[in-house]
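> Sharing a structure, written as structure tokens. Questions coming.
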Amino acid sequence: MIPELGHLLLYFALGAALLQAVLPLIGAHRERRDWMLLARPLSWAQGALVLAAFVALSASFVRNDFSVLYVASNSNSGLPLFYRLAAVWGGHEGSLLLWVLMLSVWTVAVARFSHKLPLTFAARILGVMGLVSVGFLLFMLLTSNPFDRLLPAAADGRDLNPLLQDPGMVIHPPMLYMGYVGFSVAFAFAIAALLGGNLDAAWARWTRPWTTAAWVFLTFGIGLGSWWAYNELGWGGWWFWDPVENASFMPWLAGTALIHSLAVSEKRGGFKVWTVWLAIMAFSLSLLGTFLVRSGVLSSVHAFATDPKRGLFILAFLVITIGGSLLLFAWRAPKVGLGQRFGLLSRESLLLVNNMMLAVATGAVLLGTLYPLFLDALGMGKISVGPPYFDTVFGLLMAPLVLVMGIGPLTRWKHDEGGPLARRLALPLVAAVIAALIVGFAAGRISLVTTGGLTMAFWIVFSLLVDLKPRLLPAGGSAGQILHRARLIPVAMWGMMLAHFGVAAFSFGVAMVKTYETEKDVKMGPGDSTEVAGYVFKMNGFQEVQGPNYVAMQGQLEVSRDGQTIAVLRPQKRIYRVQQNPMTEAGVHSNAWRDLYVSMGEQLPGGDWVVRLQYKPFITWIWGGCLLMMAGGVLAIADRRYRVRSGATVSRAAGVEAAA
Amino acid sequence: MSWRYLVPLALFLVLAGFLGFGLNLNPREVPSPLIDKPAPAFRAKLLADPAKTIAKEDLAGKAWILNVWASWCAPCREEHPLWVAYARQSPVPIYGLNYKDQTKAGQAWLQQLGNPYAESLTDPDGRIGIDYGVYGVPETFVIDRAGVIRYKHIGPITADVLRDKIDPLVKRLNASV
């Protein structure tokens, strides 16, 4: 009964979404206030219906109802309850339901927090979000119903993919979807602005925290995925430029550009066309990611079981949504206008460089991801594009971006003088190069790439300090007032600085790992020991370990340095009982300076194992950098300016010079 | 409407065209460079009796199928019943290559699930696998009487592949003198 009820609820949700899409949009067009007012209650209704359907599917998992095909394919009675709940989004159909649920969470949040917006504008935003929801609900109901029955019922389920049986993997998809779907708010905002033919600074201000929130979720999702891959896949890598990773990275890049573009639209009333275009891009790339993962067009470790019918449906959906938006863009964007003029050297022009570099980087990732498909479609052979292309192209594109990242925050809006700016920035630039060389020297090897990467990291930090110093300690100011002055700096500006520090930490980590990591694959039996980067790894022995639904061979290695024992690592090779897939659980000892990483390879005849030992300097800084970026985003959202001022005062904001 | 603003739409439509075309392509289908080349030579111990060995030359003169499998490989378990069924009607012998496996585990697996193989060769360190360009297990090769690889399938075979590709090919190879 419950699955049928869930199925029915999805139909009701589709009905509510249709009404939510059509009535407010027509109402806004005809200036029918009563129709526009329906947008909010309909959003709530749709949200409640989708939530109820989601609960229905979860219930089938909790109750081990293997007469539901999706449950039988993704769960097992031996699976712990926690993972049975996570299995709800462990496959294609359920993760689609999660997608729709996230969309309704955002929709309801918009309905709740949009009272300061003009009714027409809010109605259009909710209407567009309703349209997106209609598309996904139709997709689910027509091609991917999670409530399909399996008759006769299976005796037991085929179990959740062992790759997904990890706490990190449980929250990775929801966070990622929150990010993807969160960009739908900015997208709906852009479409509403195009429909209305007007992009007001006040509306840009309203969109900023939403976009930043989506970006924070996406950052978290991507960072978590990377951290998980590092710990679970046993290769010791943290980013593989896999098509699906790229699919999540492209909206992130576009979203990052959008955040910066929105700053200009809000503060200076400029970059309006850019802002609208980037908002459309960020969400379109999220949709494209969905297509790539679910259509089987590219081969990837993430790909879901594929079905050409599904691919065709999403493609049609993409063409309607993205094609329609871009058509609307071509038609209406000239009306939105370009906004205020600015000088060749100004914060606007540097942010323009930022937008362009991020857009080009997105394009480069897109090209690399789809290049194999292009060639294949043109009959020019099968190739794959790997890390060497991405590392090189992306690294080169990041250099100018980081350069302007250091200059931008110190530059005035509208117009600035080159001379004084250059004098302020000469010192941090020189200091950054010197610091990079010192680090290279201390690590024992100086290379061009590392020095470049490290210079970028130090440059960001030093230029931020140059920016911060006169604010905290102006000429003639006393040191005792630093705290007081720090409080005068807007919270959003602290957020910006923190996020930029995050980029610095990230670049530092990447440069250090890329250059100074060492690894060794060795055959080890009980009693064997070997040395990597000054650490002695001694294999104490192997033992079999029983998990709730797997058996594992666990090695025990004692790590010591200069005779002192530092850690005992227990890497595992697990075999999950139902699917019989081997999984690697790396043994990692981490601190702020380095990770020691051990993973079990394969067992050799005779009982010894091939063990991979790795020394990874500063790798945790990569994820630490992501956390800093997220914290910066959270601070930016927390800025009171987004909540205190309401409609009347906000419309003046375009002309107001502000600090951040 | 300014034409400049239509550029994104035009680019997107080109992209969508490629994506639509891509739906009909299979990215996993990688043509093996070994097709129509002589199968690499080997000499391997038999799984059933490690004291005996078999070499590529011993199999010359007759077409044969080489199926790479391992007891630790889940997709092998999936395709295995197809081989067990096909072995009863196959016009050519099916040889197994027990890839990076332990002899005991391999023997037990065949005992439990049935043995479709004329013989299984062992490749404990994966050296033969490297010569044959094995990168995922299971993989299946069809080799003709002259010892040339004529067909390769990566991943578990399906009833369709067996019926439409492998079976007609081995019948043809077996018939031609």
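By order of appearance in the structure tokens: chains A, B, ..., then residues from 1 within every chain, and ligands from 1 in the order shown.
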Chain B residues within 7 Å of chain A, counting only C-alpha atoms: which ones, as a ChimeraX atom specification?

/B:1,5-6,8-9,16,18,20-23,27-28,72,74,102

> Could you give me, as a ChimeraX atom specification, each residue of range 465-533 of chain A that DSSP assigns to strand (DSSP E) when run on this structure's backbone?

/A:518-524,529-532

> Please report the interatomic distance between CA of Arg423 in chain A and CA of Gly502 in chain A in Å with one decimal.

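CA of Arg423 in chain A sits 25.7 Å away from CA of Gly502 in chain A.
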
> Contacts of Pro50 in chain B at 9 Å or less, counting only C-alpha atoms, minus same-chain residues fewer than 4 places along, as a VMD selection string?

chain B and resid 44 to 46 103 122

> Just the selected residues (C-alpha atoms), exported as a PDB file, in the first residue's frame, please.


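Below you can see out_38.pdb, which holds the result:
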ATOM      1  CA  ALA B  44      50.266 -21.673 -18.214  1.00  0.00           C
ATOM      2  CA  LYS B  45      49.550 -24.202 -15.493  1.00  0.00           C
ATOM      3  CA  LEU B  46      46.139 -25.820 -15.480  1.00  0.00           C
ATOM      4  CA  THR B 103      43.994 -21.997  -7.151  1.00  0.00           C
ATOM      5  CA  THR B 122      46.008 -20.020 -14.246  1.00  0.00           C
TER       6      THR B 122
END

> Leaving out Trp69 in chain B and any residue of its chain fewer than 4 positions from it, which residues lie within 9 Å of it when counting only C-alpha atoms, given as a list in words?

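Contacts, with the query itself left out: Cys73, Cys76, Arg77, Gly96, Leu97, Asn98, Tyr99, Lys100, Asp101, Val137, Pro138, Glu139 and Thr140 of chain B.
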
> Which residues, written as a PyMOL selection string, have at least one atom at most 8 Å from range 513-523 of chain A, with only C-alpha atoms counted and residues fewer than 4 positions away on the same chain left out?

chain A and resi 443+450+509+532-533+608-619

> Take the residues from that selection and write them out as a PDB file, in the first residue's frame, keeping N, CA and C atoms.


ATOM      1  N   ALA A 443      62.244  22.248   1.410  1.00  0.00           N
ATOM      2  CA  ALA A 443      61.776  20.909   1.055  1.00  0.00           C
ATOM      3  C   ALA A 443      62.825  20.149   0.244  1.00  0.00           C
ATOM      4  N   THR A 450      56.064  24.149  -8.843  1.00  0.00           N
ATOM      5  CA  THR A 450      55.821  24.324  -7.413  1.00  0.00           C
ATOM      6  C   THR A 450      55.977  25.770  -7.014  1.00  0.00           C
ATOM      7  N   GLY A 509      48.355  23.429  -0.536  1.00  0.00           N
ATOM      8  CA  GLY A 509      48.262  21.978  -0.397  1.00  0.00           C
ATOM      9  C   GLY A 509      48.520  21.272  -1.719  1.00  0.00           C
ATOM     10  N   VAL A 532      59.751   4.835   3.868  1.00  0.00           N
ATOM     11  CA  VAL A 532      59.279   5.838   2.905  1.00  0.00           C
ATOM     12  C   VAL A 532      59.417   7.209   3.538  1.00  0.00           C
ATOM     13  N   ALA A 533      60.129   8.109   2.878  1.00  0.00           N
ATOM     14  CA  ALA A 533      60.278   9.500   3.318  1.00  0.00           C
ATOM     15  C   ALA A 533      60.692   9.608   4.787  1.00  0.00           C
ATOM     16  N   ASP A 608      51.614 -13.218   1.109  1.00  0.00           N
ATOM     17  CA  ASP A 608      52.035 -11.828   1.251  1.00  0.00           C
ATOM     18  C   ASP A 608      51.080 -10.905   0.494  1.00  0.00           C
ATOM     19  N   TRP A 609      51.139  -9.624   0.824  1.00  0.00           N
ATOM     20  CA  TRP A 609      50.283  -8.653   0.146  1.00  0.00           C
ATOM     21  C   TRP A 609      51.138  -7.592  -0.524  1.00  0.00           C
ATOM     22  N   VAL A 610      50.626  -7.081  -1.640  1.00  0.00           N
ATOM     23  CA  VAL A 610      51.220  -5.875  -2.203  1.00  0.00           C
ATOM     24  C   VAL A 610      50.598  -4.715  -1.435  1.00  0.00           C
ATOM     25  N   VAL A 611      51.447  -3.898  -0.826  1.00  0.00           N
ATOM     26  CA  VAL A 611      50.943  -2.797  -0.022  1.00  0.00           C
ATOM     27  C   VAL A 611      51.473  -1.507  -0.623  1.00  0.00           C
ATOM     28  N   ARG A 612      50.585  -0.519  -0.715  1.00  0.00           N
ATOM     29  CA  ARG A 612      51.019   0.776  -1.238  1.00  0.00           C
ATOM     30  C   ARG A 612      51.191   1.744  -0.072  1.00  0.00           C
ATOM     31  N   LEU A 613      52.410   2.289   0.032  1.00  0.00           N
ATOM     32  CA  LEU A 613      52.723   3.212   1.119  1.00  0.00           C
ATOM     33  C   LEU A 613      52.937   4.593   0.514  1.00  0.00           C
ATOM     34  N   GLN A 614      52.277   5.595   1.092  1.00  0.00           N
ATOM     35  CA  GLN A 614      52.430   6.927   0.529  1.00  0.00           C
ATOM     36  C   GLN A 614      52.667   7.966   1.614  1.00  0.00           C
ATOM     37  N   TYR A 615      53.472   8.942   1.248  1.00  0.00           N
ATOM     38  CA  TYR A 615      53.735  10.079   2.120  1.00  0.00           C
ATOM     39  C   TYR A 615      53.210  11.303   1.391  1.00  0.00           C
ATOM     40  N   LYS A 616      52.270  11.996   1.993  1.00  0.00           N
ATOM     41  CA  LYS A 616      51.591  13.099   1.305  1.00  0.00           C
ATOM     42  C   LYS A 616      51.687  14.372   2.117  1.00  0.00           C
ATOM     43  N   PRO A 617      52.643  15.220   1.795  1.00  0.00           N
ATOM     44  CA  PRO A 617      52.796  16.435   2.592  1.00  0.00           C
ATOM     45  C   PRO A 617      51.639  17.406   2.366  1.00  0.00           C
ATOM     46  N   PHE A 618      51.091  17.934   3.440  1.00  0.00           N
ATOM     47  CA  PHE A 618      50.092  19.023   3.408  1.00  0.00           C
ATOM     48  C   PHE A 618      48.824  18.706   2.626  1.00  0.00           C
ATOM     49  N   ILE A 619      48.517  17.413   2.486  1.00  0.00           N
ATOM     50  CA  ILE A 619      47.323  17.117   1.672  1.00  0.00           C
ATOM     51  C   ILE A 619      46.047  17.580   2.364  1.00  0.00           C
TER      52      ILE A 619
END

> Within 10 Å of Gly418 in chain A, counting only C-alpha atoms, which residues show up once you throw out same-chain ones fewer than 4 positions away? Write them as a list in words, please.

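Listed by chain and then number, they are Leu345, Ser346, Thr411, Ala422 and Arg423 of chain A.
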
> Filtering to C-alpha atoms, could you give me those residues as a PDB file, in the first residue's frame?


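Heads up, here's the output in out_39.pdb:
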ATOM      1  CA  LEU A 345      41.701  50.051 -13.691  1.00  0.00           C
ATOM      2  CA  SER A 346      38.895  49.546 -11.191  1.00  0.00           C
ATOM      3  CA  THR A 411      41.247  48.354  -5.818  1.00  0.00           C
ATOM      4  CA  ALA A 422      51.471  49.181  -7.643  1.00  0.00           C
ATOM      5  CA  ARG A 423      53.474  50.606  -4.724  1.00  0.00           C
TER       6      ARG A 423
END

> Could you pull the residues within 12 Å of Val170 in chain B, counting only C-alpha atoms, minus those fewer than 5 positions along the same chain, as a list in words?

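After dropping sequence-adjacent residues, the list is Lys62, Ala63, Trp64, Ile65, Leu66, Tyr86, Gln89, Ser90, Pro91, Val92, Pro93, Ile94, Phe141, Val142, Ile143, Asp144, Arg145, Ile149, Arg150, Tyr151, Leu162, Arg163, Asp164, Lys165, Ala175 and Ser176 of chain B.
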
> Using C-alpha atoms, can you write the selected residues to a file as a PDB file, in the first residue's frame?


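Output (selection_34.pdb):
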ATOM      1  CA  LYS B  62      40.938 -25.143 -33.940  1.00  0.00           C
ATOM      2  CA  ALA B  63      39.055 -21.973 -33.109  1.00  0.00           C
ATOM      3  CA  TRP B  64      38.534 -21.377 -29.408  1.00  0.00           C
ATOM      4  CA  ILE B  65      37.087 -18.948 -26.913  1.00  0.00           C
ATOM      5  CA  LEU B  66      39.144 -17.461 -24.109  1.00  0.00           C
ATOM      6  CA  TYR B  86      26.593 -22.282 -23.928  1.00  0.00           C
ATOM      7  CA  GLN B  89      26.158 -26.381 -27.544  1.00  0.00           C
ATOM      8  CA  SER B  90      29.362 -24.590 -28.359  1.00  0.00           C
ATOM      9  CA  PRO B  91      31.012 -25.795 -31.551  1.00  0.00           C
ATOM     10  CA  VAL B  92      34.421 -24.753 -30.199  1.00  0.00           C
ATOM     11  CA  PRO B  93      36.116 -25.310 -26.852  1.00  0.00           C
ATOM     12  CA  ILE B  94      35.956 -22.569 -24.218  1.00  0.00           C
ATOM     13  CA  PHE B 141      38.269 -13.316 -26.726  1.00  0.00           C
ATOM     14  CA  VAL B 142      37.489 -15.378 -29.796  1.00  0.00           C
ATOM     15  CA  ILE B 143      40.614 -16.796 -31.422  1.00  0.00           C
ATOM     16  CA  ASP B 144      40.620 -18.527 -34.799  1.00  0.00           C
ATOM     17  CA  ARG B 145      42.391 -21.682 -35.846  1.00  0.00           C
ATOM     18  CA  ILE B 149      42.224 -12.790 -32.166  1.00  0.00           C
ATOM     19  CA  ARG B 150      38.990 -12.111 -34.026  1.00  0.00           C
ATOM     20  CA  TYR B 151      36.761 -10.653 -31.363  1.00  0.00           C
ATOM     21  CA  LEU B 162      26.492 -14.427 -27.044  1.00  0.00           C
ATOM     22  CA  ARG B 163      23.669 -15.088 -29.517  1.00  0.00           C
ATOM     23  CA  ASP B 164      24.303 -12.270 -32.005  1.00  0.00           C
ATOM     24  CA  LYS B 165      28.056 -11.890 -31.997  1.00  0.00           C
ATOM     25  CA  ALA B 175      33.131 -24.064 -40.585  1.00  0.00           C
ATOM     26  CA  SER B 176      35.756 -22.387 -42.738  1.00  0.00           C
TER      27      SER B 176
END

> Tell me which of A:Ser560, A:Ser265, A:Gln554, A:Asn64 sits closest to Val336 in chain A, counting only C-alpha atoms.

A:Ser265

> Can you tell me, as a ChimeraX atom specification, which residues in range 25-159 of chain B count as alpha helix (DSSP H) by DSSP?

/B:74-87,103-113,127-131,159

> Can you work out the spacing between CA of Leu488 in chain A and CA of His500 in chain A in Å, to one decimal?

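Distance reported for this atom pair: 19.8 Å.
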
> Which residue is closest to Pro38 in chain B? Choose from B:Glu78, B:Glu57, B:Asp160, B:Asp123 and count only C-alpha atoms.

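Looking at the shortest contact to Pro38 in chain B, the residue is B:Glu57.
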
> Work out how far CA of Pro162 in chain A is from CA of Gly91 in chain A, in Å to one decimal.

12.3 Å
